[in-house]
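Engineer: Can you read through this structure? Questions will come right after.
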Amino acid sequence: LSKRFGYTIPIPEATLNAAAYQLLNQKKYAEAIKLFTQNTQNYPNSPNVYDSLGEAFEKNGKLKQAKENYKKGYDLAIKIGDRRSAALIKTNLDRVSR
């Protein structure tokens with residue numbers, strides 16, 4: 001579509017997240033992290049993309065990076081007033097902060 005219309009059209013957040021979770025479930029951590037990272041670049045104002053990236057880092061045993069991304073997602077959710085996402089992400093943040 002980007003080529004057809006002459007400007008960048010990013011892959012929808014949910015579509016890229018679904019593909020990344022498929023890779024994560026197959027334990028293809030590097031590939032999943034790459035897609036989740038792309039989602040943070042495409043949708044930097046979405047708390048969900050940081051939560052998902054945090055989960056990928058957590059499952060890969062990279063707790064420092066997981067904590068950083070969960071924190072970013074939590075802070076963003078608070079900033080935009082998304083209390084539901086904030087509560088969910090806070091649970092993840094607390095788990096890796098022990």
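Identifiers in this document derive from the order of the structure tokens: chains are assigned A, B, ..., residues are numbered from 1 separately in each chain, and ligands are numbered from 1 in order of occurrence.
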Env of segment 78-91 of chain A: 12 Å cut, atoms = only C-alpha atoms, seq-sep filter 2 positions within chain, self excluded. Answer as an mmCIF file with C-alpha atoms, in the first residue's frame.

Structural biologist:
data_model
loop_
_atom_site.group_PDB
_atom_site.id
_atom_site.type_symbol
_atom_site.label_atom_id
_atom_site.label_comp_id
_atom_site.auth_asym_id
_atom_site.auth_seq_id
_atom_site.Cartn_x
_atom_site.Cartn_y
_atom_site.Cartn_z
ATOM 1 C CA ASN A 45 1.926 6.477 21.907
ATOM 2 C CA SER A 46 0.463 3.023 22.525
ATOM 3 C CA PRO A 47 1.055 1.549 25.989
ATOM 4 C CA ASN A 48 0.294 -1.894 24.560
ATOM 5 C CA VAL A 49 3.332 -1.982 22.273
ATOM 6 C CA TYR A 50 5.705 -1.433 25.208
ATOM 7 C CA ASP A 51 3.895 -4.025 27.303
ATOM 8 C CA SER A 52 4.244 -6.564 24.489
ATOM 9 C CA LEU A 53 7.922 -5.764 23.991
ATOM 10 C CA GLY A 54 8.427 -6.082 27.740
ATOM 11 C CA GLU A 55 6.823 -9.516 27.658
ATOM 12 C CA ALA A 66 11.490 -6.031 30.248
ATOM 13 C CA LYS A 67 11.264 -3.708 33.241
ATOM 14 C CA GLU A 68 12.224 -0.668 31.123
ATOM 15 C CA ASN A 69 9.500 -1.380 28.577
ATOM 16 C CA TYR A 70 6.834 -2.222 31.126
ATOM 17 C CA LYS A 71 7.672 1.043 32.910
ATOM 18 C CA LYS A 72 7.425 3.006 29.661
ATOM 19 C CA GLY A 73 4.063 1.403 28.862
ATOM 20 C CA TYR A 74 2.768 1.993 32.384
ATOM 21 C CA ASP A 75 3.845 5.647 32.404
ATOM 22 C CA LEU A 76 2.266 6.207 29.004
ATOM 23 C CA LEU A 93 6.101 -4.411 35.985
ATOM 24 C CA ASP A 94 5.724 -5.568 39.578
ATOM 25 C CA ARG A 95 6.498 -9.178 38.572
ATOM 26 C CA VAL A 96 9.887 -8.275 37.025
ATOM 27 C CA SER A 97 10.733 -5.743 39.728
ATOM 28 C CA ARG A 98 10.912 -8.271 42.564
#

Engineer: Can you check which residues of segment 38-93 of chain A DSSP gives as helix (DSSP H, G or I) on the backbone and send them as a count of residues only?

Structural biologist: 47

Engineer: Kindly indicate which residue among A:Asn92, A:Tyr43, A:Phe57, A:Gln65 lies nearest to Lys27 of chain A, using only C-alpha atoms for the distances.

Structural biologist: A:Phe57

Engineer: Give me the residues near Lys34 of chain A as an NGL selection string, where near means some atom within 12 Å (using only C-alpha atoms) and where sequence neighbours in that chain fewer than 4 positions away do not count.

Structural biologist: :A and (16-17 or 19-21 or 23-24 or 28-30 or 38-41 or 52-53 or 56-57)

Engineer: Generate a file of the selected residues that holds all heavy atoms, formatted as a compact mmCIF listing (two decimals), in the first residue's frame.

Structural biologist:
# COMPACT_ATOMS: atom_id res chain seq x y z
N LEU A 16 0.77 -6.54 13.46
CA LEU A 16 2.19 -6.77 13.74
C LEU A 16 2.36 -7.45 15.10
O LEU A 16 3.19 -8.35 15.25
CB LEU A 16 2.96 -5.45 13.70
CG LEU A 16 4.47 -5.54 13.61
CD1 LEU A 16 4.93 -6.39 12.44
CD2 LEU A 16 5.06 -4.15 13.50
N ASN A 17 1.55 -7.06 16.07
CA ASN A 17 1.61 -7.69 17.39
C ASN A 17 1.27 -9.18 17.29
O ASN A 17 1.93 -10.02 17.92
CB ASN A 17 0.66 -6.99 18.36
CG ASN A 17 1.35 -6.49 19.60
OD1 ASN A 17 2.51 -6.12 19.57
ND2 ASN A 17 0.63 -6.48 20.70
N ALA A 19 1.63 -11.19 14.73
CA ALA A 19 2.75 -11.89 14.09
C ALA A 19 3.90 -12.07 15.08
O ALA A 19 4.52 -13.14 15.14
CB ALA A 19 3.22 -11.12 12.86
N ALA A 20 4.17 -11.03 15.87
CA ALA A 20 5.25 -11.10 16.85
C ALA A 20 4.94 -12.14 17.93
O ALA A 20 5.82 -12.89 18.35
CB ALA A 20 5.50 -9.73 17.46
N TYR A 21 3.69 -12.19 18.37
CA TYR A 21 3.32 -13.19 19.39
C TYR A 21 3.42 -14.61 18.85
O TYR A 21 3.76 -15.53 19.59
CB TYR A 21 1.92 -12.92 19.96
CG TYR A 21 1.96 -12.01 21.15
CD1 TYR A 21 1.46 -10.71 21.08
CD2 TYR A 21 2.51 -12.42 22.36
CE1 TYR A 21 1.49 -9.86 22.17
CE2 TYR A 21 2.56 -11.59 23.46
CZ TYR A 21 2.05 -10.32 23.36
OH TYR A 21 2.10 -9.48 24.44
N LEU A 23 5.70 -15.61 16.77
CA LEU A 23 7.13 -15.89 16.88
C LEU A 23 7.52 -16.13 18.33
O LEU A 23 8.31 -17.03 18.63
CB LEU A 23 7.94 -14.74 16.29
CG LEU A 23 7.83 -14.56 14.78
CD1 LEU A 23 8.45 -13.23 14.35
CD2 LEU A 23 8.51 -15.72 14.06
N LEU A 24 6.98 -15.33 19.23
CA LEU A 24 7.29 -15.48 20.65
C LEU A 24 6.85 -16.85 21.15
O LEU A 24 7.60 -17.52 21.89
CB LEU A 24 6.61 -14.36 21.44
CG LEU A 24 7.00 -14.23 22.91
CD1 LEU A 24 8.48 -13.94 23.06
CD2 LEU A 24 6.18 -13.13 23.56
N LYS A 28 11.06 -17.92 19.21
CA LYS A 28 11.94 -17.19 18.29
C LYS A 28 12.06 -15.77 18.81
O LYS A 28 11.48 -14.82 18.27
CB LYS A 28 11.38 -17.24 16.87
CG LYS A 28 11.35 -18.65 16.30
CD LYS A 28 10.80 -18.68 14.89
CE LYS A 28 10.80 -20.09 14.34
NZ LYS A 28 10.25 -20.14 12.98
N TYR A 29 12.79 -15.64 19.93
CA TYR A 29 12.81 -14.40 20.68
C TYR A 29 13.37 -13.22 19.91
O TYR A 29 12.79 -12.14 19.92
CB TYR A 29 13.59 -14.60 21.99
CG TYR A 29 12.99 -15.65 22.87
CD1 TYR A 29 13.71 -16.77 23.24
CD2 TYR A 29 11.68 -15.53 23.34
CE1 TYR A 29 13.15 -17.74 24.05
CE2 TYR A 29 11.12 -16.50 24.15
CZ TYR A 29 11.86 -17.60 24.51
OH TYR A 29 11.30 -18.56 25.31
N ALA A 30 14.48 -13.40 19.23
CA ALA A 30 15.10 -12.28 18.50
C ALA A 30 14.16 -11.74 17.43
O ALA A 30 14.01 -10.52 17.28
CB ALA A 30 16.43 -12.70 17.89
N GLN A 38 9.60 -2.81 16.20
CA GLN A 38 9.05 -2.06 15.06
C GLN A 38 7.71 -1.44 15.45
O GLN A 38 7.41 -0.30 15.08
CB GLN A 38 8.88 -2.97 13.85
CG GLN A 38 8.37 -2.25 12.62
CD GLN A 38 8.23 -3.16 11.42
OE1 GLN A 38 8.79 -4.25 11.37
NE2 GLN A 38 7.47 -2.71 10.44
N ASN A 39 6.91 -2.16 16.21
CA ASN A 39 5.62 -1.63 16.63
C ASN A 39 5.79 -0.42 17.54
O ASN A 39 5.00 0.52 17.47
CB ASN A 39 4.79 -2.72 17.33
CG ASN A 39 3.44 -2.93 16.69
OD1 ASN A 39 3.12 -2.34 15.67
ND2 ASN A 39 2.64 -3.78 17.29
N THR A 40 6.82 -0.42 18.40
CA THR A 40 7.05 0.75 19.25
C THR A 40 7.46 1.96 18.41
O THR A 40 7.15 3.10 18.77
CB THR A 40 8.12 0.51 20.35
OG1 THR A 40 9.40 0.30 19.76
CG2 THR A 40 7.74 -0.65 21.24
N GLN A 41 8.12 1.71 17.31
CA GLN A 41 8.52 2.81 16.42
C GLN A 41 7.32 3.33 15.63
O GLN A 41 7.18 4.53 15.41
CB GLN A 41 9.63 2.35 15.49
CG GLN A 41 10.92 2.05 16.23
CD GLN A 41 11.92 1.26 15.40
OE1 GLN A 41 11.64 0.81 14.29
NE2 GLN A 41 13.11 1.08 15.96
N SER A 52 3.93 -5.37 25.29
CA SER A 52 4.24 -6.56 24.49
C SER A 52 5.75 -6.76 24.35
O SER A 52 6.25 -7.88 24.48
CB SER A 52 3.60 -6.46 23.11
OG SER A 52 2.20 -6.43 23.21
N LEU A 53 6.47 -5.67 24.10
CA LEU A 53 7.92 -5.76 23.99
C LEU A 53 8.52 -6.19 25.33
O LEU A 53 9.43 -7.02 25.38
CB LEU A 53 8.52 -4.43 23.53
CG LEU A 53 10.03 -4.37 23.35
CD1 LEU A 53 10.55 -5.46 22.40
CD2 LEU A 53 10.45 -2.99 22.86
N ALA A 56 8.17 -9.90 25.67
CA ALA A 56 9.15 -10.64 24.87
C ALA A 56 10.51 -10.65 25.56
O ALA A 56 11.17 -11.70 25.63
CB ALA A 56 9.27 -10.02 23.49
N PHE A 57 10.93 -9.52 26.09
CA PHE A 57 12.20 -9.48 26.82
C PHE A 57 12.13 -10.37 28.06
O PHE A 57 13.09 -11.09 28.37
CB PHE A 57 12.57 -8.06 27.21
CG PHE A 57 13.21 -7.27 26.11
CD1 PHE A 57 12.66 -6.07 25.69
CD2 PHE A 57 14.37 -7.70 25.49
CE1 PHE A 57 13.26 -5.32 24.68
CE2 PHE A 57 14.98 -6.97 24.47
CZ PHE A 57 14.42 -5.77 24.07

Engineer: Which of these, A:Thr37, A:Asn42, A:Glu31, A:Lys59, has the shortest distance to Pro12 of chain A once you count only C-alpha atoms?

Structural biologist: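 Nearest to Pro12 of chain A: A:Asn42.
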
Engineer: I'd like the interatomic distance between atom CA of Glu13 of chain A and atom CA of Ile33 of chain A, to a tenth of an Å.

Structural biologist: 14.3 Å

Engineer: One decimal, in Å: what's the spacing between atom CA of Gln26 of chain A and atom CA of Ala14 of chain A?

Structural biologist: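 These two atoms are separated by 18.5 Å.
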
Engineer: Could you check the closest approach to Pro44 of chain A for each of A:Gly6, A:Ala18, A:Glu58, A:Ala77 and tell me which residue wins, using only C-alpha atoms?

Structural biologist: A:Ala77
